[in-house]
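Text of work-v1.pdb, listed as PDB, C-alpha atoms:
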```pdb
ATOM      1  CA  MET K 350      75.883 -92.917  59.808
ATOM      2  CA  LEU K 351      72.202 -92.585  60.637
ATOM      3  CA  GLN K 352      72.137 -88.956  59.494
ATOM      4  CA  VAL K 353      73.554 -89.971  56.108
ATOM      5  CA  ALA K 354      71.249 -92.992  55.721
ATOM      6  CA  ARG K 355      68.301 -90.653  56.302
ATOM      7  CA  LEU K 356      69.118 -89.020  52.949
ATOM      8  CA  ALA K 357      68.393 -92.267  51.071
ATOM      9  CA  PRO K 358      64.616 -91.655  50.666
ATOM     10  CA  ALA K 359      65.474 -88.735  48.367
ATOM     11  CA  LEU K 360      66.605 -91.335  45.812
ATOM     12  CA  LEU K 361      64.138 -94.063  46.770
ATOM     13  CA  GLY K 362      61.058 -91.888  46.293
ATOM     14  CA  GLU K 363      57.893 -93.916  46.718
ATOM     15  CA  SER K 364      60.008 -97.081  46.917
ATOM     16  CA  ARG K 365      60.861 -96.144  50.507
ATOM     17  CA  HIS K 366      57.535 -97.725  51.467
ATOM     18  CA  LEU K 367      58.668-101.022  49.933
ATOM     19  CA  VAL K 368      61.887-100.895  51.962
ATOM     20  CA  ALA K 369      59.971-100.114  55.152
ATOM     21  CA  GLY K 370      57.608-102.989  54.388
ATOM     22  CA  PHE K 371      60.507-105.410  53.927
ATOM     23  CA  LEU K 372      61.985-104.343  57.260
ATOM     24  CA  ARG K 373      58.686-104.793  59.077
ATOM     25  CA  GLN K 374      58.315-108.249  57.534
ATOM     26  CA  SER K 375      61.769-109.068  58.924
ATOM     27  CA  LEU K 376      60.543-108.467  62.478
ATOM     28  CA  ASN K 377      59.954-111.657  64.435
ATOM     29  CA  ALA K 378      57.036-112.121  66.841
ATOM     30  CA  ASP K 379      59.408-111.840  69.824
ATOM     31  CA  GLY K 380      60.567-108.358  68.761
ATOM     32  CA  GLY K 381      63.917-109.326  67.263
ATOM     33  CA  PHE K 382      64.831-108.983  63.595
ATOM     34  CA  LEU K 383      65.505-112.122  61.587
ATOM     35  CA  ASP K 384      68.920-113.380  60.608
ATOM     36  CA  ARG K 385      69.547-115.382  57.440
ATOM     37  CA  ASP K 386      68.297-118.551  59.104
ATOM     38  CA  GLY K 387      65.001-116.971  60.132
ATOM     39  CA  GLN K 388      65.933-116.589  63.811
ATOM     40  CA  SER K 389      65.902-113.437  65.915
ATOM     41  CA  ASP K 390      69.418-112.081  66.353
ATOM     42  CA  LEU K 391      70.806-108.978  68.074
ATOM     43  CA  TYR K 392      73.186-108.284  65.201
ATOM     44  CA  TYR K 393      70.386-108.130  62.639
ATOM     45  CA  THR K 394      68.153-106.303  65.101
ATOM     46  CA  VAL K 395      70.593-103.390  65.106
ATOM     47  CA  PHE K 396      70.415-103.114  61.330
ATOM     48  CA  GLY K 397      66.636-103.497  61.290
ATOM     49  CA  LEU K 398      66.205-100.735  63.861
ATOM     50  CA  GLU K 399      68.717 -98.405  62.222
ATOM     51  CA  ALA K 400      67.198 -98.910  58.776
ATOM     52  CA  LEU K 401      63.704 -98.102  60.068
ATOM     53  CA  LEU K 402      65.016 -94.999  61.812
ATOM     54  CA  ALA K 403      66.767 -93.976  58.590
ATOM     55  CA  LEU K 404      63.369 -94.115  56.890
ATOM     56  CA  ARG K 405      61.932 -92.094  59.812
ATOM     57  CA  GLU K 406      59.783 -95.026  60.855
ATOM     58  CA  PRO K 407      59.237 -95.648  64.584
ATOM     59  CA  ALA K 408      61.145 -98.401  66.365
ATOM     60  CA  PRO K 409      58.781-101.331  67.025
ATOM     61  CA  GLY K 410      57.643-101.217  70.628
ATOM     62  CA  ILE K 411      57.985-104.979  71.002
ATOM     63  CA  THR K 412      61.712-104.806  70.276
ATOM     64  CA  ALA K 413      62.391-103.259  73.695
ATOM     65  CA  SER K 414      60.999-106.444  75.279
ATOM     66  CA  TYR K 415      63.282-108.565  73.093
ATOM     67  CA  LEU K 416      66.296-106.553  74.202
ATOM     68  CA  HIS K 417      65.313-106.708  77.860
ATOM     69  CA  GLN K 418      65.956-110.461  77.976
ATOM     70  CA  PHE K 419      69.693-109.866  77.489
ATOM     71  CA  GLY K 420      69.980-107.775  80.646
ATOM     72  CA  ASP K 421      73.469-106.296  80.867
ATOM     73  CA  GLY K 422      74.835-108.634  78.193
ATOM     74  CA  ALA K 423      76.705-110.934  80.578
ATOM     75  CA  SER K 424      76.063-113.937  78.327
ATOM     76  CA  LEU K 425      76.973-112.215  75.056
ATOM     77  CA  ASP K 426      80.120-112.280  72.962
ATOM     78  CA  PHE K 427      81.828-108.995  72.102
ATOM     79  CA  VAL K 428      80.035-108.342  68.812
ATOM     80  CA  HIS K 429      76.588-108.988  70.248
ATOM     81  CA  LEU K 430      77.422-106.966  73.367
ATOM     82  CA  ALA K 431      78.238-103.971  71.185
ATOM     83  CA  CYS K 432      75.031-104.622  69.259
ATOM     84  CA  LEU K 433      73.060-104.611  72.517
ATOM     85  CA  ALA K 434      74.452-101.174  73.365
ATOM     86  CA  ARG K 435      73.448 -99.791  69.976
ATOM     87  CA  ALA K 436      70.028-101.451  69.926
ATOM     88  CA  LEU K 437      69.154-100.228  73.423
ATOM     89  CA  GLY K 438      69.914 -96.683  72.362
ATOM     90  CA  SER K 439      67.816 -97.001  69.205
ATOM     91  CA  ALA K 440      64.839 -98.704  70.827
ATOM     92  CA  SER K 441      64.741 -96.759  74.115
ATOM     93  CA  PRO K 442      63.853 -93.135  73.411
ATOM     94  CA  ALA K 443      63.174 -92.595  77.135
ATOM     95  CA  GLY K 444      66.847 -93.207  77.884
ATOM     96  CA  LEU K 445      69.090 -96.012  79.066
ATOM     97  CA  ASN K 446      69.239 -97.374  82.597
ATOM     98  CA  PRO K 447      72.482 -96.010  84.140
ATOM     99  CA  ASP K 448      73.203 -99.200  86.091
ATOM    100  CA  THR K 449      72.758-101.347  82.984
ATOM    101  CA  CYS K 450      75.024 -99.006  81.029
ATOM    102  CA  ALA K 451      77.732 -99.208  83.678
ATOM    103  CA  ARG K 452      77.684-103.008  83.663
ATOM    104  CA  ILE K 453      77.824-103.173  79.855
ATOM    105  CA  LEU K 454      80.767-100.756  79.877
ATOM    106  CA  ARG K 455      82.668-102.917  82.364
ATOM    107  CA  ARG K 456      82.080-105.983  80.237
ATOM    108  CA  LEU K 457      83.229-104.141  77.103
ATOM    109  CA  GLU K 458      86.463-103.278  78.911
ATOM    110  CA  SER K 459      87.112-106.992  79.452
ATOM    111  CA  PHE K 460      87.728-107.241  75.685
ATOM    112  CA  ARG K 461      90.601-104.784  75.795
ATOM    113  CA  SER K 462      93.603-106.294  73.991
ATOM    114  CA  ALA K 463      97.184-106.178  75.242
ATOM    115  CA  ASP K 464      98.132-103.574  72.608
ATOM    116  CA  GLY K 465      95.582-101.089  73.954
ATOM    117  CA  GLY K 466      92.859-101.717  71.389
ATOM    118  CA  PHE K 467      89.902-104.076  71.443
ATOM    119  CA  ALA K 468      89.472-107.630  70.187
ATOM    120  CA  VAL K 469      86.502-109.918  69.670
ATOM    121  CA  THR K 470      88.008-112.350  72.193
ATOM    122  CA  GLN K 471      89.150-111.661  75.738
ATOM    123  CA  ARG K 472      92.845-111.446  76.680
ATOM    124  CA  ALA K 473      93.933-111.178  73.042
ATOM    125  CA  PRO K 474      97.492-109.963  72.391
ATOM    126  CA  ALA K 475      96.362-107.654  69.574
ATOM    127  CA  GLY K 476      93.143-105.932  68.674
ATOM    128  CA  SER K 477      91.479-105.336  65.327
ATOM    129  CA  ALA K 478      90.131-102.338  63.436
ATOM    130  CA  TYR K 479      86.651-103.886  63.487
ATOM    131  CA  ALA K 480      86.645-104.429  67.252
ATOM    132  CA  CYS K 481      88.018-100.932  67.897
ATOM    133  CA  PHE K 482      85.216 -99.456  65.807
ATOM    134  CA  LEU K 483      82.531-101.492  67.576
ATOM    135  CA  ALA K 484      83.941-100.543  70.978
ATOM    136  CA  MET K 485      84.109 -96.858  70.099
ATOM    137  CA  VAL K 486      80.508 -96.849  68.882
ATOM    138  CA  ALA K 487      79.301 -98.795  71.924
ATOM    139  CA  PHE K 488      80.974 -96.370  74.323
ATOM    140  CA  GLN K 489      79.372 -93.466  72.478
ATOM    141  CA  ASP K 490      75.968 -95.183  72.496
ATOM    142  CA  LEU K 491      76.230 -95.559  76.262
ATOM    143  CA  GLY K 492      77.247 -91.934  76.761
ATOM    144  CA  ALA K 493      80.817 -92.680  77.815
ATOM    145  CA  ALA K 494      84.165 -91.412  76.579
ATOM    146  CA  VAL K 495      86.440 -93.943  74.911
ATOM    147  CA  PRO K 496      89.139 -94.806  77.456
ATOM    148  CA  ASP K 497      92.841 -94.992  76.565
ATOM    149  CA  ARG K 498      92.687 -93.081  73.304
ATOM    150  CA  ASP K 499      96.421 -93.562  72.693
ATOM    151  CA  GLY K 500      96.136 -97.307  73.207
ATOM    152  CA  MET K 501      93.440 -97.589  70.569
ATOM    153  CA  LEU K 502      95.442 -95.490  68.113
ATOM    154  CA  GLY K 503      98.499 -97.654  68.763
ATOM    155  CA  CYS K 504      96.446-100.757  68.031
ATOM    156  CA  LEU K 505      95.344 -99.308  64.693
ATOM    157  CA  GLU K 506      98.919 -98.507  63.759
ATOM    158  CA  GLY K 507      99.766-102.131  64.494
ATOM    159  CA  VAL K 508      97.145-103.458  62.048
ATOM    160  CA  ARG K 509      98.242-101.255  59.148
ATOM    161  CA  ALA K 510      98.801-103.618  56.236
ATOM    162  CA  ALA K 511     101.849-103.593  53.998
ATOM    163  CA  ASP K 512      99.831-102.179  51.072
ATOM    164  CA  GLY K 513      98.673 -99.129  53.092
ATOM    165  CA  GLY K 514      95.203-100.317  54.026
ATOM    166  CA  TYR K 515      94.145-101.650  57.417
ATOM    167  CA  ALA K 516      93.453-105.246  58.410
ATOM    168  CA  ASN K 517      91.839-107.037  61.329
ATOM    169  CA  GLY K 518      95.141-108.250  62.694
ATOM    170  CA  PRO K 519      98.845-107.358  62.584
ATOM    171  CA  GLY K 520     101.225-108.481  59.867
ATOM    172  CA  ALA K 521      98.798-108.511  56.926
ATOM    173  CA  GLU K 522     100.116-108.009  53.398
ATOM    174  CA  ALA K 523      96.821-106.507  52.178
ATOM    175  CA  GLY K 524      94.187-104.472  53.934
ATOM    176  CA  SER K 525      90.439-104.925  53.690
ATOM    177  CA  THR K 526      87.958-102.230  52.760
ATOM    178  CA  PRO K 527      85.652-102.618  55.806
ATOM    179  CA  ALA K 528      88.638-102.724  58.191
ATOM    180  CA  THR K 529      90.179 -99.656  56.558
ATOM    181  CA  ALA K 530      86.872 -97.805  56.773
ATOM    182  CA  ALA K 531      86.574 -98.792  60.439
ATOM    183  CA  ALA K 532      90.090 -97.517  61.163
ATOM    184  CA  VAL K 533      89.331 -94.220  59.413
ATOM    185  CA  MET K 534      86.183 -93.668  61.448
ATOM    186  CA  VAL K 535      87.922 -94.444  64.744
ATOM    187  CA  MET K 536      90.766 -92.061  63.938
ATOM    188  CA  ARG K 537      88.381 -89.310  62.898
ATOM    189  CA  GLN K 538      86.391 -89.717  66.112
ATOM    190  CA  LEU K 539      89.651 -89.496  68.069
ATOM    191  CA  ASP K 540      90.631 -86.303  66.187
ATOM    192  CA  VAL K 541      93.460 -87.893  64.230
ATOM    193  CA  ALA K 542      93.683 -87.344  60.480
ATOM    194  CA  PRO K 543      94.586 -90.470  58.453
ATOM    195  CA  ASP K 544      97.242 -89.851  55.834
ATOM    196  CA  ALA K 545      96.252 -89.110  52.249
ATOM    197  CA  ALA K 546      97.357 -92.553  51.070
ATOM    198  CA  VAL K 547      94.322 -94.076  52.792
ATOM    199  CA  SER K 548      91.951 -92.168  50.485
ATOM    200  CA  ARG K 549      93.851 -93.390  47.449
ATOM    201  CA  TRP K 550      93.825 -96.956  48.776
ATOM    202  CA  LEU K 551      90.042 -96.869  49.200
ATOM    203  CA  LEU K 552      89.406 -95.255  45.817
ATOM    204  CA  GLU K 553      91.481 -97.975  44.143
ATOM    205  CA  ARG K 554      89.049-100.585  45.498
ATOM    206  CA  CYS K 555      86.228 -99.249  43.295
ATOM    207  CA  HIS K 556      85.070-101.624  40.541
ATOM    208  CA  SER K 557      84.982-100.281  36.985
ATOM    209  CA  SER K 558      81.220-100.921  36.914
ATOM    210  CA  GLY K 559      80.631 -99.444  40.369
ATOM    211  CA  GLY K 560      80.768-100.738  43.900
ATOM    212  CA  PHE K 561      83.815-101.476  46.047
ATOM    213  CA  PHE K 562      85.779-104.684  46.533
ATOM    214  CA  ALA K 563      86.330-106.003  50.061
ATOM    215  CA  ALA K 564      90.054-106.536  49.340
ATOM    216  CA  PRO K 565      92.485-106.156  46.422
ATOM    217  CA  ARG K 566      92.021-109.741  45.211
ATOM    218  CA  THR K 567      88.278-110.078  45.840
ATOM    219  CA  PRO K 568      86.514-110.942  42.553
ATOM    220  CA  LEU K 569      83.227-109.059  43.106
ATOM    221  CA  PRO K 570      82.240-105.778  44.753
ATOM    222  CA  ASP K 571      79.767-105.947  47.619
ATOM    223  CA  LEU K 572      77.347-103.607  49.341
ATOM    224  CA  LEU K 573      78.979-103.624  52.784
ATOM    225  CA  SER K 574      82.336-102.619  51.322
ATOM    226  CA  THR K 575      80.671-100.019  49.111
ATOM    227  CA  ALA K 576      78.728 -98.360  51.930
ATOM    228  CA  THR K 577      81.622 -98.354  54.388
ATOM    229  CA  ALA K 578      84.110 -97.127  51.776
ATOM    230  CA  LEU K 579      81.818 -94.241  50.819
ATOM    231  CA  HIS K 580      81.343 -93.396  54.495
ATOM    232  CA  ALA K 581      85.093 -93.336  55.113
ATOM    233  CA  LEU K 582      85.782 -91.341  51.943
ATOM    234  CA  ALA K 583      83.233 -88.757  53.046
ATOM    235  CA  ALA K 584      85.016 -88.490  56.403
ATOM    236  CA  LEU K 585      88.279 -88.016  54.491
ATOM    237  CA  HIS K 586      86.684 -85.321  52.273
ATOM    238  CA  ALA K 587      87.591 -87.293  49.162
ATOM    239  CA  ASP K 588      85.982 -86.452  45.823
ATOM    240  CA  ILE K 589      83.590 -89.254  44.829
ATOM    241  CA  ASP K 590      81.912 -87.390  41.952
ATOM    242  CA  PRO K 591      83.787 -89.394  39.260
ATOM    243  CA  LEU K 592      82.373 -92.665  40.604
ATOM    244  CA  ARG K 593      78.953 -91.499  41.798
ATOM    245  CA  GLU K 594      76.865 -92.648  38.812
ATOM    246  CA  ARG K 595      78.463 -96.065  38.497
ATOM    247  CA  CYS K 596      78.080 -96.671  42.234
ATOM    248  CA  LEU K 597      74.413 -95.688  41.971
ATOM    249  CA  ASP K 598      74.057 -98.195  39.151
ATOM    250  CA  PHE K 599      75.741-100.867  41.279
ATOM    251  CA  VAL K 600      73.443-100.289  44.255
ATOM    252  CA  ASP K 601      70.441-100.347  41.941
ATOM    253  CA  THR K 602      71.408-103.817  40.667
ATOM    254  CA  LEU K 603      71.169-105.136  44.247
ATOM    255  CA  TRP K 604      67.755-103.673  45.080
ATOM    256  CA  THR K 605      64.600-105.778  44.676
ATOM    257  CA  SER K 606      60.947-104.901  44.302
ATOM    258  CA  THR K 607      60.310-106.555  47.676
ATOM    259  CA  GLY K 608      62.202-103.658  49.262
ATOM    260  CA  GLY K 609      65.368-105.460  50.378
ATOM    261  CA  PHE K 610      68.929-105.317  49.080
ATOM    262  CA  TYR K 611      71.246-108.190  48.222
ATOM    263  CA  GLY K 612      74.822-108.099  49.495
ATOM    264  CA  SER K 613      76.471-108.731  46.130
ATOM    265  CA  TRP K 614      75.808-110.087  42.646
ATOM    266  CA  ALA K 615      76.460-113.595  43.975
ATOM    267  CA  ASP K 616      74.021-113.266  46.885
ATOM    268  CA  ASP K 617      70.542-114.790  46.841
ATOM    269  CA  THR K 618      69.297-113.900  50.344
ATOM    270  CA  LEU K 619      67.860-110.594  51.496
ATOM    271  CA  ASP K 620      68.400-109.351  55.035
ATOM    272  CA  CYS K 621      68.258-106.256  57.237
ATOM    273  CA  GLU K 622      72.028-105.806  57.318
ATOM    274  CA  TYR K 623      72.508-105.283  53.610
ATOM    275  CA  THR K 624      69.295-103.305  53.363
ATOM    276  CA  TYR K 625      70.747-100.877  55.895
ATOM    277  CA  TYR K 626      74.010-100.715  53.934
ATOM    278  CA  GLY K 627      71.959-100.006  50.819
ATOM    279  CA  LEU K 628      70.428 -96.987  52.565
ATOM    280  CA  LEU K 629      73.808 -95.799  53.818
ATOM    281  CA  ALA K 630      75.329 -96.044  50.341
ATOM    282  CA  LEU K 631      72.401 -94.219  48.755
ATOM    283  CA  GLY K 632      72.630 -91.522  51.398
ATOM    284  CA  HIS K 633      76.222 -90.773  50.468
ATOM    285  CA  LEU K 634      75.459 -90.906  46.770
ATOM    286  CA  THR K 635      72.738 -88.242  47.076
ATOM    287  CA  VAL K 636      75.084 -85.615  48.492
TER     288      VAL K 636
END
```

Conversion result in structure tokens:
Amino acid sequence: MLQVARLAPALLGESRHLVAGFLRQSLNADGGFLDRDGQSDLYYTVFGLEALLALREPAPGITASYLHQFGDGASLDFVHLACLARALGSASPAGLNPDTCARILRRLESFRSADGGFAVTQRAPAGSAYACFLAMVAFQDLGAAVPDRDGMLGCLEGVRAADGGYANGPGAEAGSTPATAAAVMVMRQLDVAPDAAVSRWLLERCHSSGGFFAAPRTPLPDLLSTATALHALAALHADIDPLRERCLDFVDTLWTSTGGFYGSWADDTLDCEYTYYGLLALGHLTV
């Protein structure tokens, strides 16, 4: 994902400096990046760090101190624990502490679901595509192999929706674009090829004016769905040339002269998360 996002400056040109400036302004005095309420948050810190790295800007030195306060993540929920793993890797070029990594890995394992996947809550009967993706990435960030490959694949099969997409729980009638993209990326990393119907399902989520819907009945496209759909379609070797220009137009409508990106046409708040997804989408649209 980072390699692709690093292609975005080819389209941004001199505007890359505006994006970098927005990201630096989103850095709090304690080293964390601001959430939508103006507070430092690990989740947004991941996106702030990754977006700066995509622009080939150095990670702020103070962010390592912010991350240090979380130790091995014993107090964190699953999502923020996975974010800690990613942020430590991004902000610690000298390498991760092996003991800290081992403790984070053990805590990640405590979120294993009964079906062999991962869930955002402990002792869950079934996992989700989102949690499986976060777990896979966290294990990779910490230099560890994903355990129980077959269990994770079985979990993904269990969250396949009736319409052919993937959902974040079993028994869904319709899939969601981010969940489907997450499932695709997990399968690709585990050397399993999703069937061709998944490409068609994702392509059908594209709005006539550009951008991707989060789900079949969602009224507006959004930047998260657009970036993750493009990323999954690239992994599936799907042809996005017919929708490239309209998706570029869509992303352009969400960019502001302050350097940040909105999440959708209905959004009125800028943040690091959607700015990162803007870079990821642009990276795919340059290729």

Evaluate the PyMOL selection byres ((chain K and resi 392-403) around 8) on the structure here and hand back the selected residues as number ranges by chain.
K: 351-352, 354-357, 369, 372, 375-376, 381-384, 389-391, 404-408, 428-429, 432-433, 435-436, 439-440, 620-622, 624-625, 628

Would you mind reading off the distance between atom CA of Ala521 of chain K and atom CA of Ala431 of chain K, one decimal, in Å?
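Distance between the two atoms: 25.4 Å.
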
Spatial neighbours of Ser574 of chain K, 10 Å, all atoms listed in the file, chain gap at least 4 places, as a ChimeraX atom specification
/K:525-530,551,554-555,560-564,570,578-580,612-613,626,630

Atom CA of Arg452 of chain K and atom CA of Asp421 of chain K, how far apart in Å?
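Rounded to one decimal, the two atoms are 6.0 Å apart.
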
For Gly524 of chain K, the nearest of the candidates K:Ala545, K:Ala468, K:Asp540, K:Trp550, counting all atoms listed in the file
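Of K:Ala545, K:Ala468, K:Asp540, K:Trp550, the one nearest Gly524 of chain K is K:Trp550, counting all atoms listed in the file.
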
Atom CA of Arg461 of chain K and atom CA of Val486 of chain K, how far apart in Å?
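Computing it gives 14.6 Å between the two atoms.
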
For segment 532-543 of chain K, what centre and edge lengths in Å (one decimal) does the axis-aligned box get once 8 Å is added on each side of all its listed atoms, as lines of an AutoDock Vina configuration file?
```
center_x = 90.4
center_y = -91.9
center_z = 63.3
size_x = 24.4
size_y = 27.2
size_z = 25.6
```

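For the set K:Ala581, K:Ala546, K:Ala511, K:Cys450, the residue with the smallest atom-to-atom gap to Leu491 of chain K is K:Cys450, counting only C-alpha atoms.
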
Check the smallest atom-to-atom distance from each of K:Asp464, K:Asp512, K:Glu594, K:Asp588 to Val547 of chain K using all atoms listed in the file, then report the winner.
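Among the listed residues, the smallest separation from Val547 of chain K belongs to K:Asp512.
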
Could you list the residues chosen by the PyMOL selection byres ((chain K and resi 589) around 12) in this structure as a count of residues only?
32

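Across K:Ser462, K:Thr607, K:Gln388, K:Asn377, the tightest approach to Leu505 of chain K is made by K:Ser462 when counting only C-alpha atoms.
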
When distances are computed from all atoms listed in the file, which of K:Thr449, K:Arg373, K:Cys504, K:Asp497 shows the smallest separation from Phe419 of chain K?
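Checking each candidate against Phe419 of chain K, we get K:Thr449 as the closest.
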
Evaluate the PyMOL selection byres ((chain K and resi 610) around 8) and record the selected residues as a PyMOL selection string, following the chain and residue labels used in the document.
chain K and resi 603-605+608-609+611-612+619-620+623-624+627

Among listed residues K:Thr602, K:Tyr479, K:Asp490, K:Ala463, nearest Asp616 of chain K (using all atoms listed in the file):
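That would be K:Thr602, the residue with the smallest distance to Asp616 of chain K.
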